[in-house]
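Student: Supplied structure: upload06.cif, mmCIF, C-alpha atoms.
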data_start
#
loop_
_atom_site.label_atom_id
_atom_site.label_comp_id
_atom_site.auth_asym_id
_atom_site.auth_seq_id
_atom_site.Cartn_x
_atom_site.Cartn_y
_atom_site.Cartn_z
CA MET J 1 115.57 235.88 141.57
CA THR J 2 113.45 233.01 142.74
CA THR J 3 111.93 230.53 140.35
CA GLN J 4 108.76 228.90 141.52
CA VAL J 5 107.56 225.85 139.64
CA VAL J 6 103.79 225.42 139.61
CA ARG J 7 103.16 221.78 140.26
CA PRO J 8 100.19 220.08 138.66
CA ALA J 9 97.21 219.52 140.89
CA GLY J 10 95.77 216.07 141.16
CA ALA J 11 95.51 212.98 143.23
CA GLY J 12 99.09 211.93 142.44
CA HIS J 13 100.70 213.57 145.44
CA GLU J 14 97.85 212.50 147.65
CA SER J 15 98.11 208.88 146.48
CA LEU J 16 101.83 209.01 147.14
CA TRP J 17 101.29 210.23 150.68
CA VAL J 18 98.61 207.58 151.31
CA ALA J 19 100.96 204.92 149.96
CA VAL J 20 103.80 206.18 152.15
CA LEU J 21 101.49 206.25 155.17
CA SER J 22 100.21 202.72 154.47
CA LEU J 23 103.73 201.46 154.01
CA SER J 24 104.89 203.06 157.25
CA ILE J 25 101.93 201.52 159.13
CA ILE J 26 102.79 198.10 157.72
CA LEU J 27 106.46 198.55 158.60
CA LEU J 28 105.59 199.72 162.11
CA ALA J 29 103.24 196.78 162.62
CA ALA J 30 105.85 194.37 161.28
CA THR J 31 108.47 195.84 163.60
CA VAL J 32 106.21 195.60 166.65
CA ILE J 33 105.24 192.05 165.77
CA SER J 34 108.82 190.97 165.20
CA LEU J 35 109.96 192.60 168.45
CA ARG J 36 107.20 191.04 170.51
CA SER J 37 107.07 187.62 168.91
CA GLU J 38 108.24 184.57 170.80
CA SER J 39 109.71 181.69 168.91
CA HIS J 40 107.77 178.50 169.36
CA GLU J 41 109.93 175.45 169.37
CA GLU J 42 108.33 172.09 169.14
CA GLU J 43 109.39 170.17 172.19
CA SER J 44 109.96 166.57 171.44
CA VAL J 45 109.86 163.86 174.03
CA ALA J 46 112.87 161.67 174.79
CA ALA J 47 113.36 158.43 172.88
CA HIS J 48 112.14 156.29 175.73
CA GLN J 49 109.05 158.41 176.20
CA ILE J 50 105.72 158.60 174.50
CA ASP J 51 103.66 161.77 174.25
CA ALA J 52 100.44 161.59 176.24
CA ARG J 53 98.60 163.94 173.92
CA ARG J 54 99.77 162.90 170.49
CA ASP J 55 100.90 159.31 170.64
CA LEU J 56 98.22 157.59 172.75
CA ASN J 57 95.03 156.30 171.21
CA ALA J 58 91.65 157.07 172.72
CA ALA J 59 91.51 154.04 175.03
CA GLU J 60 95.06 154.60 176.27
CA GLN J 61 94.40 158.29 176.85
CA GLY J 62 91.37 157.39 178.93
CA ILE J 63 93.26 154.92 181.09
CA HIS J 64 96.22 157.29 181.43
CA THR J 65 94.02 160.13 182.65
CA GLU J 66 92.23 157.83 185.10
CA LEU J 67 95.53 156.58 186.47
CA VAL J 68 96.75 160.14 187.03
CA VAL J 69 93.59 160.89 189.01
CA ALA J 70 93.60 157.51 190.80
CA LEU J 71 97.09 158.07 192.19
CA ASP J 72 95.72 160.74 194.57
CA GLU J 73 93.10 158.29 195.82
CA ILE J 74 95.67 155.54 196.15
CA LEU J 75 97.94 157.72 198.25
CA MET J 76 95.01 158.73 200.48
CA LEU J 77 94.03 155.13 200.97
CA GLN J 78 97.66 154.32 201.69
CA ASP J 79 97.60 156.86 204.51
CA GLU J 80 94.49 155.24 205.94
CA LEU J 81 95.55 151.62 205.53
CA GLN J 82 99.30 152.11 206.12
CA THR J 83 99.84 149.99 203.06
CA LEU J 84 99.12 150.28 199.37
CA PRO J 85 95.59 149.17 198.50
CA GLU J 86 95.14 146.16 196.29
CA PRO J 87 93.45 146.71 192.91
CA GLN J 88 90.49 144.78 194.25
CA GLN J 89 90.03 147.29 197.05
CA LEU J 90 90.29 150.12 194.58
CA ALA J 91 87.65 148.46 192.41
CA GLU J 92 85.39 148.20 195.43
CA GLU J 93 85.93 151.89 196.12
CA GLY J 94 84.81 152.50 192.53
CA ILE J 95 88.03 154.08 191.41
CA PRO J 96 88.59 153.73 187.66
CA PRO J 97 90.37 152.20 185.82
CA PHE J 98 90.42 149.42 188.44
CA THR J 99 86.64 148.94 188.31
CA ASN J 100 85.23 146.36 185.99
CA ASP J 101 82.65 148.12 183.88
CA SER J 102 81.69 148.69 180.28
CA SER J 103 84.56 151.09 179.60
CA THR J 104 86.99 148.45 180.88
CA ALA J 105 85.59 146.14 178.24
CA THR J 106 85.95 148.65 175.42
CA ARG J 107 89.44 149.62 176.52
CA GLY J 108 91.02 146.21 176.31
CA HIS J 109 90.11 144.30 179.50
CA HIS J 110 93.08 145.28 181.60
CA VAL J 111 93.87 142.99 184.48
CA TRP J 112 95.31 144.98 187.37
CA GLN J 113 97.66 143.77 190.04
CA LEU J 114 99.97 145.35 192.59
CA LEU J 115 103.59 144.44 191.95
CA HIS J 116 106.16 144.40 194.70
CA VAL J 117 109.67 144.41 193.27
CA GLY J 118 112.40 145.03 195.77
CA ASP J 119 111.37 148.15 197.72
CA ASP J 120 109.26 149.49 194.90
CA TYR J 121 105.58 149.07 194.30
CA ALA J 122 103.69 149.45 191.05
CA TYR J 123 100.24 148.83 189.72
CA GLN J 124 100.36 146.84 186.53
CA GLY J 125 97.46 146.57 184.12
CA LEU J 126 98.00 143.86 181.58
CA SER J 127 96.02 144.42 178.43
CA GLY J 128 93.74 141.69 177.23
CA ASP J 129 93.88 143.09 173.69
CA SER J 130 97.07 144.95 172.83
CA ALA J 131 95.52 146.10 169.57
CA VAL J 132 93.05 148.25 171.54
CA ALA J 133 95.39 149.52 174.25
CA GLY J 134 98.84 148.66 175.58
CA SER J 135 99.65 147.47 179.07
CA PHE J 136 100.11 150.07 181.78
CA LEU J 137 102.38 150.42 184.75
CA LEU J 138 101.74 153.02 187.47
CA LEU J 139 104.71 153.47 189.77
CA ALA J 140 103.41 154.12 193.25
CA SER J 141 105.52 157.11 194.18
CA PRO J 142 104.23 160.16 196.01
CA ALA J 143 105.59 162.46 193.32
CA ASP J 144 103.87 163.08 190.01
CA ALA J 145 102.23 160.05 188.51
CA ASP J 146 104.87 157.99 186.74
CA ILE J 147 103.08 155.92 184.15
CA TRP J 148 104.64 153.52 181.64
CA LEU J 149 103.16 151.88 178.61
CA ASN J 150 104.03 148.67 176.79
CA ARG J 151 102.26 147.84 173.58
CA SER J 152 103.68 144.43 172.96
CA SER J 153 101.28 141.53 173.21
CA ASP J 154 103.37 139.35 175.53
CA VAL J 155 104.14 141.58 178.47
CA VAL J 156 105.65 140.01 181.51
CA ALA J 157 105.85 141.59 184.92
CA PRO J 158 109.05 143.64 185.16
CA GLN J 159 111.75 142.36 187.46
CA ASN J 160 113.06 145.79 188.19
CA LEU J 161 111.12 149.03 188.43
CA HIS J 162 114.02 151.33 187.68
CA ALA J 163 113.77 153.32 184.50
CA ASP J 164 116.69 151.67 182.75
CA ALA J 165 115.35 148.20 183.40
CA LEU J 166 111.86 149.18 182.26
CA ILE J 167 113.24 150.69 179.06
CA ALA J 168 115.21 147.54 178.42
CA ALA J 169 112.06 145.49 178.93
CA GLY J 170 110.25 147.49 176.24
CA TRP J 171 108.31 149.91 178.43
CA ARG J 172 107.94 153.54 177.46
CA GLN J 173 107.25 156.39 179.85
CA VAL J 174 104.11 158.41 179.12
CA ALA J 175 105.17 162.07 179.14
CA SER J 176 102.86 165.06 179.32
CA GLN J 177 104.15 168.12 177.52
CA TYR J 178 102.89 171.52 178.53
CA ASP J 179 103.61 173.83 175.60
CA ALA J 180 101.85 176.43 173.45
CA GLY J 181 99.84 173.70 171.76
CA VAL J 182 97.98 173.09 175.00
CA THR J 183 95.11 175.47 175.48
CA ARG J 184 92.83 173.90 178.03
CA GLN J 185 94.93 171.29 179.63
CA HIS J 186 96.19 171.77 183.18
CA ARG J 187 99.06 170.04 184.73
CA HIS J 188 97.82 167.73 187.50
CA MET X 1 90.87 234.24 144.61
CA THR X 2 92.89 234.35 147.77
CA ALA X 3 96.36 235.42 148.62
CA LEU X 4 98.61 232.41 148.27
CA GLU X 5 101.59 233.82 150.01
CA THR X 6 102.52 237.13 151.50
CA ALA X 7 105.69 239.06 150.92
CA PRO X 8 107.00 242.53 151.53
CA PRO X 9 104.89 245.02 149.54
CA ARG X 10 106.05 247.12 146.60
CA LEU X 11 107.91 244.41 144.81
CA GLN X 12 107.96 244.02 141.11
CA GLY X 13 105.79 241.25 139.79
CA PRO X 14 107.09 237.95 138.50
CA GLY X 15 107.65 236.79 134.95
CA ILE X 16 105.65 233.75 133.93
CA GLU X 17 106.98 231.06 131.65
CA PHE X 18 104.63 228.52 130.13
CA SER X 19 106.55 225.87 128.23
CA GLY X 20 104.80 222.97 126.59
CA ILE X 21 101.75 222.97 128.85
CA ASP X 22 99.39 220.11 128.04
CA LEU X 23 96.11 219.66 129.83
CA ASN X 24 93.75 216.74 129.40
CA LEU X 25 90.57 216.45 131.41
CA GLY X 26 89.06 213.04 130.93
CA ARG X 27 89.59 212.42 127.24
CA THR X 28 89.21 216.04 126.27
CA ARG X 29 92.34 217.88 125.32
CA ILE X 30 91.99 221.36 126.75
CA LEU X 31 95.48 222.74 126.16
CA ASP X 32 97.95 221.54 123.57
CA LYS X 33 101.62 222.45 124.01
CA VAL X 34 100.97 225.98 125.17
CA SER X 35 104.21 227.92 125.31
CA PHE X 36 104.60 231.64 125.85
CA GLN X 37 106.04 234.06 128.33
CA VAL X 38 104.58 236.86 130.36
CA ARG X 39 107.18 239.53 131.01
CA ALA X 40 107.59 240.76 134.55
CA GLY X 41 105.57 243.88 135.26
CA SER X 42 103.62 243.79 131.99
CA VAL X 43 99.90 243.73 131.33
CA HIS X 44 99.38 240.59 129.33
CA ALA X 45 96.01 239.90 127.73
CA LEU X 46 94.71 236.46 126.86
CA VAL X 47 92.11 236.36 124.11
CA GLY X 48 90.32 233.57 122.33
CA PRO X 49 86.94 231.97 121.74
CA ASN X 50 84.83 230.39 124.43
CA GLY X 51 86.05 226.92 125.32
CA GLY X 52 89.51 227.80 124.02
CA GLY X 53 91.14 226.99 127.36
CA LYS X 54 91.76 230.48 128.72
CA SER X 55 90.19 229.88 132.12
CA SER X 56 91.82 226.45 132.26
CA LEU X 57 95.21 228.02 131.61
CA ILE X 58 94.64 230.42 134.49
CA LYS X 59 93.60 227.61 136.80
CA THR X 60 96.74 225.78 135.72
CA LEU X 61 98.76 228.84 136.67
CA LEU X 62 97.08 228.80 140.09
CA GLY X 63 98.07 225.15 140.54
CA GLN X 64 94.56 223.76 140.33
CA MET X 65 94.87 221.64 137.20
CA PRO X 66 96.66 218.34 136.53
CA HIS X 67 98.77 219.74 133.71
CA GLN X 68 101.85 218.43 132.02
CA GLY X 69 104.79 220.55 131.05
CA GLU X 70 106.79 223.23 132.79
CA LEU X 71 105.18 226.25 134.37
CA ARG X 72 107.55 228.61 136.13
CA LEU X 73 107.15 231.88 137.97
CA HIS X 74 110.32 233.95 138.05
CA TRP X 75 110.04 236.15 141.10
CA PRO X 76 112.50 239.03 141.52
CA ALA X 77 112.92 238.08 145.16
CA SER X 78 111.09 235.59 147.34
CA PRO X 79 107.70 234.37 146.01
CA GLY X 80 105.04 237.00 146.65
CA THR X 81 101.29 237.29 146.55
CA ILE X 82 99.08 236.19 143.68
CA GLY X 83 95.71 237.90 143.41
CA TYR X 84 92.88 236.27 141.50
CA VAL X 85 89.64 237.80 140.30
CA PRO X 86 87.22 235.17 139.05
CA GLN X 87 84.86 235.52 136.14
CA ALA X 88 81.70 235.43 138.21
CA LEU X 89 80.56 234.52 141.64
CA GLU X 90 77.87 231.95 142.14
CA PHE X 91 75.82 232.30 145.29
CA ASP X 92 72.26 232.46 146.49
CA ARG X 93 70.84 235.90 145.87
CA GLY X 94 69.00 235.75 149.19
CA LEU X 95 72.17 235.06 151.14
CA PRO X 96 72.39 237.64 153.96
CA MET X 97 76.01 238.51 153.17
CA THR X 98 77.03 242.14 152.94
CA VAL X 99 79.94 243.49 150.93
CA ASP X 100 81.88 243.82 154.18
CA ASP X 101 81.12 240.20 155.10
CA PHE X 102 82.35 239.07 151.70
CA MET X 103 85.54 241.09 151.95
CA ALA X 104 86.14 239.78 155.46
CA ALA X 105 85.60 236.19 154.32
CA MET X 106 88.03 236.61 151.43
CA CYS X 107 90.77 238.74 152.94
CA GLN X 108 91.21 237.83 156.59
CA ARG X 109 91.73 234.70 158.63
CA ARG X 110 89.32 235.79 161.34
CA PRO X 111 85.82 234.38 160.82
CA ALA X 112 83.64 236.84 158.92
CA PHE X 113 80.82 236.74 161.48
CA LEU X 114 83.18 238.39 163.98
CA GLY X 115 83.45 241.39 161.68
CA LEU X 116 86.40 242.99 159.95
CA SER X 117 89.73 242.42 161.63
CA ARG X 118 91.42 245.59 162.76
CA ARG X 119 94.58 244.66 160.92
CA HIS X 120 92.89 244.29 157.53
CA ALA X 121 90.14 246.90 157.87
CA PRO X 122 92.16 249.86 156.44
CA ALA X 123 93.30 247.82 153.44
CA ILE X 124 89.77 246.60 152.78
CA GLU X 125 88.41 250.11 153.09
CA GLN X 126 91.02 251.40 150.70
CA ALA X 127 90.31 248.63 148.20
CA LEU X 128 86.58 249.34 148.28
CA ALA X 129 87.33 253.03 147.82
CA ARG X 130 89.49 252.27 144.80
CA VAL X 131 86.66 250.45 143.07
CA GLY X 132 84.10 253.04 144.23
CA MET X 133 82.10 250.69 146.40
CA LEU X 134 82.80 252.29 149.76
CA ASP X 135 79.31 253.79 150.10
CA LYS X 136 77.71 250.41 149.40
CA ARG X 137 79.73 248.30 151.82
CA LYS X 138 76.74 247.54 153.99
CA ARG X 139 74.62 246.35 151.07
CA ARG X 140 73.74 242.72 150.59
CA MET X 141 75.81 241.05 147.88
CA GLY X 142 72.61 239.70 146.33
CA ALA X 143 71.18 243.20 146.02
CA LEU X 144 74.10 244.51 143.98
CA SER X 145 74.01 244.80 140.22
CA GLY X 146 76.29 242.59 138.14
CA GLY X 147 78.73 245.45 137.55
CA GLU X 148 78.86 246.33 141.22
CA ARG X 149 79.47 242.73 142.18
CA GLN X 150 82.30 242.59 139.67
CA ARG X 151 83.84 245.62 141.30
CA VAL X 152 83.66 243.94 144.69
CA LEU X 153 85.43 240.96 143.17
CA LEU X 154 88.11 243.32 141.87
CA ALA X 155 88.43 244.84 145.34
CA GLN X 156 89.08 241.47 146.98
CA GLY X 157 91.87 240.91 144.45
CA LEU X 158 93.54 244.05 145.82
CA VAL X 159 93.82 242.80 149.43
CA PRO X 160 96.53 241.99 150.26
CA GLU X 161 98.44 243.81 147.60
CA ALA X 162 99.51 241.30 144.98
CA GLN X 163 102.59 241.20 142.79
CA LEU X 164 100.82 239.03 140.26
CA LEU X 165 97.17 239.60 139.38
CA VAL X 166 95.21 237.03 137.47
CA LEU X 167 91.96 238.45 136.09
CA ASP X 168 89.34 236.25 134.45
CA GLU X 169 87.18 238.53 132.29
CA PRO X 170 86.91 241.35 134.83
CA MET X 171 85.25 243.73 132.38
CA SER X 172 82.50 241.42 131.16
CA ALA X 173 79.93 242.68 133.61
CA LEU X 174 81.36 246.11 134.34
CA ASP X 175 79.25 249.17 133.72
CA GLU X 176 80.76 252.35 132.29
CA PRO X 177 81.98 253.79 135.63
CA GLY X 178 83.30 250.33 136.42
CA VAL X 179 85.31 250.25 133.21
CA GLN X 180 86.87 253.56 134.14
CA VAL X 181 87.68 252.23 137.59
CA PHE X 182 89.28 249.17 136.03
CA GLU X 183 91.36 251.20 133.59
CA GLN X 184 92.60 253.32 136.46
CA LEU X 185 93.50 250.16 138.36
CA LEU X 186 95.41 248.84 135.35
CA ARG X 187 97.39 252.07 135.17
CA ASP X 188 98.17 251.82 138.87
CA TRP X 189 99.34 248.24 138.53
CA ARG X 190 101.51 249.07 135.57
CA GLN X 191 103.08 251.88 137.54
CA ALA X 192 103.68 249.67 140.56
CA GLY X 193 105.28 246.99 138.40
CA THR X 194 102.60 244.42 139.07
CA THR X 195 102.37 241.62 136.52
CA VAL X 196 98.80 241.30 135.22
CA LEU X 197 97.53 238.30 133.30
CA TRP X 198 94.15 239.27 131.98
CA ILE X 199 91.52 237.30 130.07
CA GLU X 200 89.43 239.64 127.97
CA HIS X 201 86.77 239.46 125.28
CA ASP X 202 86.70 243.20 124.60
CA LEU X 203 89.39 243.40 121.93
CA GLN X 204 89.19 247.17 121.82
CA ALA X 205 90.06 247.33 125.49
CA VAL X 206 92.89 244.88 124.91
CA GLY X 207 94.29 246.97 122.10
CA ARG X 208 94.12 250.05 124.29
CA LEU X 209 95.37 248.69 127.59
CA ALA X 210 97.51 245.57 127.12
CA ASP X 211 101.26 245.47 126.52
CA ARG X 212 101.10 242.11 124.89
CA VAL X 213 98.37 239.74 123.79
CA THR X 214 98.23 235.99 123.34
CA GLY X 215 95.55 234.32 121.24
CA LEU X 216 94.63 230.98 122.70
CA ASN X 217 92.40 228.39 121.13
CA ARG X 218 93.65 225.18 122.67
CA ARG X 219 97.01 226.13 121.19
CA VAL X 220 98.81 229.44 121.10
CA LEU X 221 97.84 231.02 117.79
CA PHE X 222 99.70 234.27 118.23
CA ASP X 223 101.70 236.09 120.86
CA ASP X 224 102.75 239.63 120.13
CA THR X 225 101.91 243.27 120.80
CA PRO X 226 98.26 244.21 120.24
CA GLN X 227 99.18 246.47 117.32
CA GLN X 228 100.78 243.54 115.52
CA VAL X 229 98.26 240.82 116.10
CA LEU X 230 94.86 242.42 116.46
CA THR X 231 94.36 242.46 112.72
CA PRO X 232 91.18 241.23 111.05
CA GLU X 233 92.94 238.21 109.53
CA ARG X 234 94.41 237.04 112.79
CA LEU X 235 91.13 237.53 114.62
CA LEU X 236 89.18 235.69 111.95
CA GLU X 237 91.63 232.85 112.27
CA LEU X 238 91.32 232.89 116.06
CA PHE X 239 87.58 233.10 116.36
CA SER X 240 86.16 231.44 113.27
CA SER X 241 87.93 228.14 113.06
CA HIS X 242 87.15 225.08 115.05
CA PRO X 243 90.15 223.77 116.96
CA ARG X 244 89.74 220.30 115.53
CA GLN X 245 89.76 221.48 111.91
CA GLN X 246 92.67 223.68 112.66
CA GLU X 247 94.68 220.78 113.92
CA ALA X 248 93.86 218.78 110.80
CA SER X 249 94.95 221.58 108.50
CA SER X 250 98.19 222.27 110.29
#
Please re-express this file's structure in structure tokens.
Tutor:
Amino acid sequence: MTTQVVRPAGAGHESLWVAVLSLSIILLAATVISLRSESHEEESVAAHQIDARRDLNAAEQGIHTELVVALDEILMLQDELQTLPEPQQLAEEGIPPFTNDSSTATRGHHVWQLLHVGDDYAYQGLSGDSAVAGSFLLLASPADADIWLNRSSDVVAPQNLHADALIAAGWRQVASQYDAGVTRQHRH
Amino acid sequence: MTALETAPPRLQGPGIEFSGIDLNLGRTRILDKVSFQVRAGSVHALVGPNGGGKSSLIKTLLGQMPHQGELRLHWPASPGTIGYVPQALEFDRGLPMTVDDFMAAMCQRRPAFLGLSRRHAPAIEQALARVGMLDKRKRRMGALSGGERQRVLLAQGLVPEAQLLVLDEPMSALDEPGVQVFEQLLRDWRQAGTTVLWIEHDLQAVGRLADRVTGLNRRVLFDDTPQQVLTPERLLELFSSHPRQQEASS
């Protein structure tokens, strides 16, 4: 004896199947997404550093970028001259930010000079208006451009170009972060 | 209209149990707490006025209606075949479909334009012979008379052999020879133990041929042997009153 129950026709079963299918698609998608996702941790710069993308104002960003590019030129000129070029020579070559032009005026009238402290050399740009942009220091090393910033209004030439001494003197290293927030920026 | 499931032949038909079947389509109540039983192997007639829900009840039995309530088929063994003969067949009279094409379309899986399948051909031939349509099997369906078409519909209900036959007014269009054919079929089914649920307007035929009769006008008004219930009073009650008034008076 077999009892067969006649089930009512209607969209109920169909709706149930569609709901189950939709739910399984959502679950599958969620699983795939969770398996393939990468956690994005905000990288913060060290206490003595300043972020080149977020913490510099427009004038400082301009000068920073120009210094990064200028270092290549400086090193080439150094090869030719067997000594580091003076800011004056760089200005004559037309290499920003050492030139004296309209953007120099809008960016705080930096006065550039080549410092010689011990065995180390650095280009120092003292800001004429620290409200517009801070003073810059480009350490002349063949590695990546090592640029420091000091926003105080009475900057004196550092006596020591080592990091600890610069930090003690109020300088902060400009650090470039290359993380997921960067879309079109390339590391130079 | 088609075979739902197949099972070994020569099995006794199932009993049917309707208990508290409600059916609402839109806001119209078609069936209201319909409860009765069809005994296994009996010929059970369903009578009632037009719009009383007889055809809806049959469609409910075939699982085509969003009903509420319990509807059970008690099969003696595994669930078998249910045959269905509809009230009428709507199609274009000019359709170039012969009786054979129709039988092929209804009874076999093979596409009808490839002809009768060898497996089903003997059964189809036998079914057409039983309803006396064998000599007209090459005729166009549109060229048949109403009674002949009804006989073809009966024939498709015979293939494959069903343990439960659901007939929706099979005699309405039958001519006199057709009626005799149908009565012979009913005798055969009774002998074979096939359960037959049969909607009929011809109360004389019901009284002569059915084992039991249920009067349905949205609700079950009576359910007994034909001798008991086919009395003038019962029939007046069944056919004269409007369902709505009836509900108010009860």
Student: Would you compute the distance between atom CA of Val34 of chain X and atom CA of Arg218 of chain X? Give it in Å to one decimal.
Tutor: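 Here the two named atoms are 7.8 Å from each other.
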Student: Counting all atoms listed in the file, which residues from chain X have an atom at most 12 Å from any atom of chain J, and could you show them as a PyMOL selection string?
Tutor: chain X and resi 11-19+21-25+40+57-80
Student: What does the distance between atom CA of Ser130 of chain J and atom CA of Pro96 of chain J come to in Å, to one decimal place?
Tutor: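 So the two atoms, atom CA of Ser130 of chain J and atom CA of Pro96 of chain J, lie 19.2 Å apart.
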Student: Evaluate the PyMOL selection byres ((chain J and resi 172) around 10) on the structure here and hand back the selected residues as a list in words.
Tutor: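 Output of the PyMOL selection byres ((chain J and resi 172) around 10): Ala46, Ala47, His48, Gln49, Ile50, Asp51, Phe136, Leu137, Ile147, Trp148, Leu149, Asn150, Arg151, Ala163, Leu166, Ile167, Ala168, Ala169, Gly170, Trp171, Gln173, Val174 and Ala175 of chain J.
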Student: For a quick check of understanding, using only C-alpha atoms, which of J:Trp112, J:Phe98, J:Tyr121, J:Trp17 has the smallest distance to Val69 of chain J?
Tutor: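 Using only C-alpha atoms, the shortest distance to Val69 of chain J belongs to J:Phe98.
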Student: What does the structure give for the distance between atom CA of Val229 of chain X and atom CA of Gln184 of chain X, in Å to one decimal?
Tutor: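 These two atoms are separated by 24.6 Å.
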Student: So that all listed atoms of segment 64-78 of chain X fit with 5 Å spare on each side, what axis-aligned box centre and edge lengths in Å, to one decimal, would you give as JSON?
Tutor:
{"center_x": 103.7, "center_y": 228.7, "center_z": 139.2, "size_x": 28.4, "size_y": 30.7, "size_z": 26.3}
Student: Quick one: everything within 8 Å of Arg53 of chain J, counting only C-alpha atoms, minus sequence neighbours fewer than 6 positions away in the same chain. Send it as a PyMOL selection string.
Tutor: chain J and resi 61+176-177
